[in-house]
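start.cif follows (mmCIF, C-alpha atoms):
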data_final
loop_
_atom_site.label_atom_id
_atom_site.label_comp_id
_atom_site.auth_asym_id
_atom_site.auth_seq_id
_atom_site.Cartn_x
_atom_site.Cartn_y
_atom_site.Cartn_z
CA MET N 1 0.00 0.00 0.00
CA LYS N 2 1.37 3.42 -0.95
CA ALA N 3 1.30 5.99 1.82
CA TYR N 4 2.08 9.69 1.90
CA THR N 5 2.75 12.41 4.44
CA ALA N 6 0.06 14.88 5.40
CA ALA N 7 2.11 17.60 3.69
CA HIS N 8 2.11 15.64 0.43
CA VAL N 9 -1.67 15.33 0.55
CA ARG N 10 -2.19 19.02 1.34
CA GLU N 11 0.11 19.99 -1.52
CA ALA N 12 -1.81 17.79 -3.93
CA GLU N 13 -5.11 19.23 -2.73
CA ARG N 14 -4.12 22.91 -2.91
CA PRO N 15 -4.41 23.57 -6.67
CA LEU N 16 -7.63 21.59 -6.86
CA LEU N 17 -9.16 23.60 -4.04
CA GLU N 18 -8.01 26.83 -5.67
CA ALA N 19 -9.71 25.70 -8.88
CA GLY N 20 -12.96 25.09 -7.00
CA VAL N 21 -12.89 21.28 -7.14
CA PRO N 22 -15.34 20.09 -4.44
CA LEU N 23 -12.93 17.87 -2.50
CA MET N 24 -14.88 18.13 0.74
CA GLN N 25 -18.08 17.00 -0.96
CA ARG N 26 -16.25 14.05 -2.51
CA ALA N 27 -14.79 13.09 0.87
CA ALA N 28 -18.18 13.46 2.55
CA ALA N 29 -19.90 11.30 -0.04
CA ALA N 30 -17.38 8.50 0.44
CA LEU N 31 -17.65 8.74 4.22
CA ALA N 32 -21.46 8.71 4.07
CA ASP N 33 -21.45 5.52 1.97
CA GLU N 34 -19.32 3.75 4.55
CA ILE N 35 -21.39 4.99 7.50
CA VAL N 36 -24.64 3.79 5.94
CA ALA N 37 -23.10 0.43 5.05
CA VAL N 38 -21.75 -0.32 8.53
CA ALA N 39 -24.93 0.90 10.23
CA ARG N 40 -27.06 -1.43 8.11
CA GLU N 41 -24.69 -4.34 8.65
CA ARG N 42 -25.17 -3.82 12.35
CA ARG N 43 -28.95 -4.06 12.21
CA VAL N 44 -29.71 -6.29 9.26
CA GLY N 45 -33.42 -6.37 8.49
CA SER N 46 -34.43 -3.31 10.51
CA ASP N 47 -35.76 -0.16 8.89
CA ALA N 48 -33.47 2.82 8.34
CA ALA N 49 -35.11 4.88 11.07
CA ALA N 50 -33.84 2.38 13.65
CA HIS N 51 -30.20 3.12 12.81
CA ARG N 52 -28.55 5.78 14.95
CA VAL N 53 -25.36 7.68 14.13
CA LEU N 54 -23.43 10.10 16.32
CA LEU N 55 -21.06 12.64 14.78
CA VAL N 56 -18.40 13.92 17.18
CA VAL N 57 -17.04 16.98 15.42
CA GLY N 58 -14.30 19.52 15.99
CA SER N 59 -13.79 22.97 14.55
CA GLY N 60 -11.92 22.23 11.32
CA ASN N 61 -12.51 20.81 7.88
CA ASN N 62 -12.39 17.28 9.29
CA GLY N 63 -15.59 18.12 11.13
CA GLY N 64 -16.95 19.66 7.93
CA ASP N 65 -16.40 16.39 6.06
CA ALA N 66 -18.36 14.54 8.72
CA LEU N 67 -21.17 17.10 8.87
CA PHE N 68 -21.76 17.00 5.11
CA ALA N 69 -21.62 13.20 5.33
CA GLY N 70 -24.15 13.37 8.16
CA ALA N 71 -26.51 15.33 5.94
CA THR N 72 -26.41 12.54 3.36
CA VAL N 73 -26.82 9.87 6.03
CA ALA N 74 -29.87 11.67 7.45
CA GLU N 75 -31.35 11.90 3.95
CA HIS N 76 -31.08 8.10 3.83
CA GLY N 77 -33.45 8.01 6.81
CA LEU N 78 -30.96 7.27 9.59
CA VAL N 79 -31.11 9.17 12.88
CA VAL N 80 -28.12 11.50 13.12
CA ASP N 81 -27.02 13.31 16.27
CA ILE N 82 -24.17 15.81 16.51
CA VAL N 83 -21.87 16.50 19.44
CA ARG N 84 -19.64 19.54 19.08
CA THR N 85 -16.27 19.49 20.85
CA SER N 86 -15.77 23.16 20.01
CA GLU N 87 -18.09 26.16 19.98
CA ARG N 88 -17.08 26.76 16.38
CA VAL N 89 -17.73 24.10 13.75
CA HIS N 90 -17.82 24.12 9.95
CA GLU N 91 -20.83 26.38 9.38
CA ALA N 92 -21.99 25.19 5.96
CA GLY N 93 -21.63 21.55 6.97
CA PHE N 94 -23.56 22.11 10.19
CA VAL N 95 -26.38 23.89 8.39
CA ALA N 96 -26.59 21.11 5.79
CA ALA N 97 -26.73 18.40 8.46
CA VAL N 98 -29.41 20.15 10.52
CA GLU N 99 -31.52 20.95 7.47
CA ALA N 100 -31.38 17.25 6.54
CA GLY N 101 -32.73 16.31 9.96
CA ALA N 102 -29.67 15.91 12.19
CA ARG N 103 -29.95 17.31 15.69
CA LEU N 104 -27.45 18.83 18.07
CA VAL N 105 -27.11 17.02 21.41
CA ASP N 106 -25.15 17.69 24.58
CA ALA N 107 -22.19 15.36 25.13
CA ALA N 108 -23.05 14.94 28.81
CA SER N 109 -26.54 13.63 27.97
CA ILE N 110 -25.59 10.75 25.67
CA ASP N 111 -24.97 7.07 26.21
CA ALA N 112 -22.52 6.00 23.52
CA ASN N 113 -24.00 2.50 23.47
CA ASP N 114 -27.30 3.88 22.16
CA TYR N 115 -25.66 4.41 18.75
CA ASP N 116 -24.88 2.00 15.96
CA VAL N 117 -22.07 4.18 14.60
CA ILE N 118 -19.94 6.90 16.18
CA VAL N 119 -17.97 9.08 13.77
CA ASP N 120 -14.73 10.55 15.11
CA ALA N 121 -14.22 13.88 13.32
CA ILE N 122 -12.53 15.90 16.04
CA LEU N 123 -9.01 16.45 14.68
CA GLY N 124 -7.66 16.23 11.14
CA THR N 125 -4.17 15.79 9.75
CA GLY N 126 -3.37 19.45 10.42
CA ALA N 127 -3.38 18.75 14.15
CA ASN N 128 -0.20 16.64 13.71
CA GLY N 129 -1.06 14.17 16.43
CA SER N 130 -2.02 16.69 19.10
CA ALA N 131 -3.56 15.13 22.18
CA LEU N 132 -7.24 15.78 22.76
CA ARG N 133 -7.90 18.64 25.13
CA SER N 134 -10.72 20.26 27.11
CA SER N 135 -14.23 19.27 26.02
CA ALA N 136 -12.94 16.96 23.28
CA ARG N 137 -10.96 14.91 25.78
CA GLU N 138 -13.84 14.88 28.27
CA THR N 139 -16.23 13.65 25.58
CA VAL N 140 -13.94 10.84 24.44
CA GLU N 141 -13.13 9.80 28.00
CA ARG N 142 -16.84 9.61 28.80
CA MET N 143 -17.57 7.47 25.73
CA LEU N 144 -14.65 5.14 26.40
CA SER N 145 -15.95 4.57 29.92
CA GLN N 146 -19.41 3.73 28.56
CA PHE N 147 -18.45 1.17 25.94
CA GLY N 148 -19.46 -2.31 26.92
CA GLU N 149 -20.19 -5.74 25.54
CA PRO N 150 -22.02 -7.34 23.86
CA ARG N 151 -23.34 -4.10 22.34
CA HIS N 152 -20.65 -1.73 21.20
CA PRO N 153 -20.97 1.01 18.58
CA VAL N 154 -18.89 0.83 15.42
CA ILE N 155 -16.30 3.61 15.52
CA VAL N 156 -15.62 5.24 12.15
CA ALA N 157 -12.70 7.66 11.96
CA CYS N 158 -13.00 10.53 9.50
CA ASP N 159 -9.64 10.65 7.66
CA LEU N 160 -7.74 9.46 10.75
CA PRO N 161 -8.40 8.69 14.42
CA SER N 162 -8.13 11.94 16.37
CA GLY N 163 -4.90 12.04 18.35
CA ILE N 164 -2.61 9.96 16.12
CA HIS N 165 0.25 11.60 14.21
CA PRO N 166 -0.36 11.23 10.46
CA ASP N 167 3.36 10.99 9.63
CA THR N 168 5.18 9.38 12.55
CA GLY N 169 2.49 7.10 13.96
CA GLU N 170 3.04 8.53 17.44
CA VAL N 171 0.13 8.75 19.88
CA ALA N 172 0.66 11.56 22.35
CA ASP N 173 -2.07 10.38 24.72
CA PRO N 174 -3.96 7.07 24.87
CA CYS N 175 -7.28 8.94 25.08
CA VAL N 176 -8.14 8.04 21.49
CA LEU N 177 -11.26 6.39 20.09
CA PRO N 178 -10.06 3.07 18.62
CA ALA N 179 -11.62 2.96 15.16
CA ASN N 180 -13.13 -0.18 13.67
CA LEU N 181 -12.96 1.59 10.33
CA THR N 182 -10.95 4.59 9.13
CA VAL N 183 -12.10 6.30 5.93
CA THR N 184 -9.10 8.31 4.77
CA PHE N 185 -9.19 10.74 1.88
CA GLY N 186 -6.90 10.74 -1.14
CA ALA N 187 -4.29 8.33 0.18
CA ALA N 188 -3.15 6.46 3.25
CA LYS N 189 -1.00 8.57 5.54
CA VAL N 190 2.29 6.95 6.52
CA GLY N 191 1.62 7.23 10.25
CA MET N 192 -1.48 5.05 9.96
CA LEU N 193 0.70 2.10 9.03
CA ARG N 194 3.09 2.54 11.96
CA GLU N 195 2.68 1.53 15.56
CA PRO N 196 1.27 2.56 17.90
CA ALA N 197 -1.11 4.53 15.63
CA ALA N 198 -1.92 1.48 13.49
CA HIS N 199 -3.52 -0.08 16.58
CA TYR N 200 -6.23 2.62 16.48
CA VAL N 201 -6.93 2.64 12.72
CA GLY N 202 -8.90 -0.59 12.26
CA ARG N 203 -9.90 -1.45 8.70
CA LEU N 204 -8.56 1.19 6.35
CA VAL N 205 -10.61 2.43 3.39
CA ILE N 206 -8.99 4.91 1.01
CA ALA N 207 -11.53 7.23 -0.61
CA ASP N 208 -10.50 8.45 -4.05
CA ILE N 209 -11.12 12.20 -4.15
CA GLY N 210 -9.17 12.86 -7.32
CA LEU N 211 -5.60 13.40 -6.15
CA GLY N 212 -4.28 10.50 -8.24
CA SER N 213 -1.09 11.01 -10.23
CA ARG N 214 -0.65 14.55 -8.84
CA LEU N 215 0.11 13.05 -5.44
CA GLU N 216 2.57 10.55 -6.89
CA ARG N 217 4.45 13.28 -8.75
CA ILE N 218 4.76 15.41 -5.62
CA ALA N 219 6.09 12.49 -3.59
CA ASP N 220 8.60 11.58 -6.32
CA VAL N 221 9.97 15.13 -6.47
CA ARG N 222 10.57 15.41 -2.72
#
structure tokens encoding of this file:
Amino acid sequence: MKAYTAAHVREAERPLLEAGVPLMQRAAAALADEIVAVARERRVGSDAAAHRVLLVVGSGNNGGDALFAGATVAEHGLVVDIVRTSERVHEAGFVAAVEAGARLVDAASIDANDYDVIVDAILGTGANGSALRSSARETVERMLSQFGEPRHPVIVACDLPSGIHPDTGEVADPCVLPANLTVTFGAAKVGMLREPAAHYVGRLVIADIGLGSRLERIADVR
């Protein structure tokens, strides 16, 4: 599997973003497909309204990806709740999710085991493996303490599990949601394939958002 640094990916994205290519929408569509699939696998035979998804979102574009994905998931008839770990979130993504039927909930009021899927969209690659802090850390700690067997939500990481370093694979703090599935955009990041980060990644799905040969050329030049 080819893997690239976060800087390689950002460099490949930059001219496309400047040209108005809708990379976030492509990422969100791929993430939504995976969320719907794993939710339905979890409750085979039940109607869509029975499936519950929780988006745990931070302030950056990673949260925006998840919020736009949440809008699509809600349009499929699944119940979508949103927990914000920051007062500021991606505005357009939040509006789209709420207009599609998602609702904002307070982190302190939830039981993580009530959900079929929890989407980790707190920190993106730009955080460079920063440990979770403040309300984000409190929210993840609370959910980790609630997880139990036999019922356990499927954890889906948006681009990467929050708290792992995308390049080195370091984990600054073990307060990380261990993903069952990571949907990463454009390419695998090298840190995902290295321990201890690889322990938190789970099954890795690479969503093609159109970086293709541009990414390979950038990596070859460096």
Shell around His51 of chain N at 7 Å using only C-alpha atoms, local window under 3 positions removed, as a CSV table (one decimal) with C-alpha atoms, keeping the file's coordinate frame:
chain,number,residue,atom,x,y,z
N,39,ALA,CA,-24.9,0.9,10.2
N,48,ALA,CA,-33.5,2.8,8.3
N,78,LEU,CA,-31.0,7.3,9.6
N,79,VAL,CA,-31.1,9.2,12.9
N,116,ASP,CA,-24.9,2.0,16.0
What's around Arg133 of chain N at 12 Å? Count only C-alpha atoms, leave out sequence neighbours fewer than 6 positions away in its own chain, and write the answer as a PyMOL selection string.
chain N and resi 58+85-86+122-123+127+139-141+162-163+172-173+175-176
Residues matched by the PyMOL selection byres ((chain N and resi 88) around 12), written as an MDAnalysis selection string
chainID N and resid 57:61 63:64 83:87 89:94 122
So that I can see what lies close to segment 197-208 of chain N, please list as number ranges by chain the residues with an atom at most 12 Å from it, counting all atoms listed in the file and leaving out residues fewer than 6 positions away in the same chain.
N: 1-3, 23-35, 38, 120, 129, 154-191, 215
One number please: atom CA of Ala96 of chain N to atom CA of Leu67 of chain N, in Å, one decimal.
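Calculated distance between atom CA of Ala96 of chain N and atom CA of Leu67 of chain N is 7.4 Å.
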Ranking N:Ser135, N:Gly124, N:Ile209, N:Glu195 by minimum distance to Ala6 of chain N and counting all atoms listed in the file, which one comes first?
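Closest residue, counting all atoms listed in the file: N:Gly124.
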Using the chain letters and numbers from this file, what does the PyMOL selection byres ((chain N and resi 99-106) around 8) select? Give the answer as an NGL selection string.
:N and (70-72 or 74-75 or 79-84 or 95-98 or 107-110)
With 5 Å of padding per side, what axis-aligned box (centre and edge lengths, Å, one decimal) covers all the listed atoms of segment 19-24 of chain N? Give it as AutoDock Vina command-line options.
--center_x -12.5 --center_y 21.8 --center_z -4.1 --size_x 15.6 --size_y 17.8 --size_z 19.6
Give me, as a list of chain:residue names, all polymer residues having an atom no more than 10 Å from Glu13 of chain N, counting all atoms listed in the file and skipping those fewer than 2 positions away in the same chain.
N:Ala7, N:His8, N:Val9, N:Arg10, N:Glu11, N:Pro15, N:Leu16, N:Leu17, N:Glu18, N:Val21, N:Leu23, N:Gly186, N:Ile209, N:Gly210, N:Leu211, N:Arg214, N:Leu215
Residue selection dump (C-alpha atoms) as a PDB file, keeping the file's coordinate frame:
ATOM      1  CA  ALA N   7       2.110  17.600   3.690  1.00  0.00           C
ATOM      2  CA  HIS N   8       2.110  15.640   0.430  1.00  0.00           C
ATOM      3  CA  VAL N   9      -1.670  15.330   0.550  1.00  0.00           C
ATOM      4  CA  ARG N  10      -2.190  19.020   1.340  1.00  0.00           C
ATOM      5  CA  GLU N  11       0.110  19.990  -1.520  1.00  0.00           C
ATOM      6  CA  PRO N  15      -4.410  23.570  -6.670  1.00  0.00           C
ATOM      7  CA  LEU N  16      -7.630  21.590  -6.860  1.00  0.00           C
ATOM      8  CA  LEU N  17      -9.160  23.600  -4.040  1.00  0.00           C
ATOM      9  CA  GLU N  18      -8.010  26.830  -5.670  1.00  0.00           C
ATOM     10  CA  VAL N  21     -12.890  21.280  -7.140  1.00  0.00           C
ATOM     11  CA  LEU N  23     -12.930  17.870  -2.500  1.00  0.00           C
ATOM     12  CA  GLY N 186      -6.900  10.740  -1.140  1.00  0.00           C
ATOM     13  CA  ILE N 209     -11.120  12.200  -4.150  1.00  0.00           C
ATOM     14  CA  GLY N 210      -9.170  12.860  -7.320  1.00  0.00           C
ATOM     15  CA  LEU N 211      -5.600  13.400  -6.150  1.00  0.00           C
ATOM     16  CA  ARG N 214      -0.650  14.550  -8.840  1.00  0.00           C
ATOM     17  CA  LEU N 215       0.110  13.050  -5.440  1.00  0.00           C
TER      18      LEU N 215
END
Model the absent atoms of segment 139-150 of chain N so that all heavy atoms are present, and write the result as a tab-separated table (two decimals), keeping the file's coordinate frame.
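Written output follows (result-v9.tsv):
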chain	number	residue	atom	x	y	z
N	139	THR	N	-15.23	14.41	26.34
N	139	THR	CA	-16.23	13.65	25.58
N	139	THR	C	-15.72	12.26	25.26
N	139	THR	O	-16.44	11.26	25.44
N	139	THR	CB	-16.58	14.40	24.27
N	139	THR	OG1	-17.15	15.66	24.60
N	139	THR	CG2	-17.57	13.60	23.43
N	140	VAL	N	-14.49	12.15	24.79
N	140	VAL	CA	-13.94	10.84	24.44
N	140	VAL	C	-13.75	9.98	25.69
N	140	VAL	O	-14.07	8.79	25.68
N	140	VAL	CB	-12.61	11.01	23.67
N	140	VAL	CG1	-11.90	9.66	23.51
N	140	VAL	CG2	-12.89	11.61	22.29
N	141	GLU	N	-13.28	10.56	26.76
N	141	GLU	CA	-13.13	9.80	28.00
N	141	GLU	C	-14.47	9.23	28.46
N	141	GLU	O	-14.56	8.07	28.88
N	141	GLU	CB	-12.56	10.69	29.11
N	141	GLU	CG	-11.07	10.92	29.03
N	141	GLU	CD	-10.57	11.72	30.22
N	141	GLU	OE1	-11.32	12.61	30.70
N	141	GLU	OE2	-9.43	11.46	30.66
N	142	ARG	N	-15.51	10.06	28.37
N	142	ARG	CA	-16.84	9.61	28.80
N	142	ARG	C	-17.32	8.44	27.93
N	142	ARG	O	-17.84	7.44	28.44
N	142	ARG	CB	-17.84	10.77	28.71
N	142	ARG	CG	-19.23	10.43	29.24
N	142	ARG	CD	-20.18	11.61	29.15
N	142	ARG	NE	-19.71	12.73	29.94
N	142	ARG	CZ	-19.25	13.87	29.45
N	142	ARG	NH1	-19.21	14.05	28.13
N	142	ARG	NH2	-18.86	14.84	30.23
N	143	MET	N	-17.14	8.55	26.62
N	143	MET	CA	-17.57	7.47	25.73
N	143	MET	C	-16.77	6.20	25.98
N	143	MET	O	-17.34	5.10	26.02
N	143	MET	CB	-17.47	7.92	24.28
N	143	MET	CG	-18.51	8.96	23.90
N	143	MET	SD	-18.63	9.24	22.11
N	143	MET	CE	-17.02	9.92	21.78
N	144	LEU	N	-15.48	6.32	26.15
N	144	LEU	CA	-14.65	5.14	26.40
N	144	LEU	C	-15.09	4.42	27.66
N	144	LEU	O	-15.08	3.18	27.73
N	144	LEU	CB	-13.17	5.54	26.51
N	144	LEU	CG	-12.49	5.97	25.21
N	144	LEU	CD1	-11.10	6.54	25.51
N	144	LEU	CD2	-12.38	4.83	24.22
N	145	SER	N	-15.50	5.18	28.66
N	145	SER	CA	-15.95	4.57	29.92
N	145	SER	C	-17.30	3.89	29.78
N	145	SER	O	-17.65	3.01	30.58
N	145	SER	CB	-16.01	5.63	31.03
N	145	SER	OG	-17.11	6.51	30.83
N	146	GLN	N	-18.07	4.28	28.75
N	146	GLN	CA	-19.41	3.73	28.56
N	146	GLN	C	-19.42	2.46	27.72
N	146	GLN	O	-20.35	1.65	27.82
N	146	GLN	CB	-20.32	4.77	27.90
N	146	GLN	CG	-20.65	5.95	28.79
N	146	GLN	CD	-21.40	7.03	28.04
N	146	GLN	OE1	-21.37	7.10	26.81
N	146	GLN	NE2	-22.07	7.91	28.78
N	147	PHE	N	-18.44	2.30	26.86
N	147	PHE	CA	-18.45	1.17	25.94
N	147	PHE	C	-18.48	-0.14	26.71
N	147	PHE	O	-17.74	-0.34	27.66
N	147	PHE	CB	-17.21	1.17	25.03
N	147	PHE	CG	-17.18	2.30	24.05
N	147	PHE	CD1	-15.98	2.71	23.48
N	147	PHE	CD2	-18.33	2.96	23.67
N	147	PHE	CE1	-15.93	3.75	22.57
N	147	PHE	CE2	-18.30	4.00	22.76
N	147	PHE	CZ	-17.09	4.40	22.21
N	148	GLY	N	-19.36	-1.01	26.26
N	148	GLY	CA	-19.46	-2.31	26.92
N	148	GLY	C	-19.84	-3.39	25.92
N	148	GLY	O	-20.15	-3.12	24.77
N	149	GLU	N	-19.80	-4.59	26.36
N	149	GLU	CA	-20.19	-5.74	25.54
N	149	GLU	C	-21.51	-6.28	26.07
N	149	GLU	O	-21.81	-6.14	27.26
N	149	GLU	CB	-19.10	-6.81	25.61
N	149	GLU	CG	-17.75	-6.37	25.05
N	149	GLU	CD	-17.79	-6.02	23.57
N	149	GLU	OE1	-18.74	-6.46	22.89
N	149	GLU	OE2	-16.88	-5.32	23.10
N	150	PRO	N	-22.32	-6.98	25.24
N	150	PRO	CA	-22.02	-7.34	23.86
N	150	PRO	C	-22.29	-6.21	22.86
N	150	PRO	O	-21.83	-6.25	21.74
N	150	PRO	CB	-22.96	-8.50	23.58
N	150	PRO	CG	-24.16	-8.20	24.45
N	150	PRO	CD	-23.60	-7.55	25.69
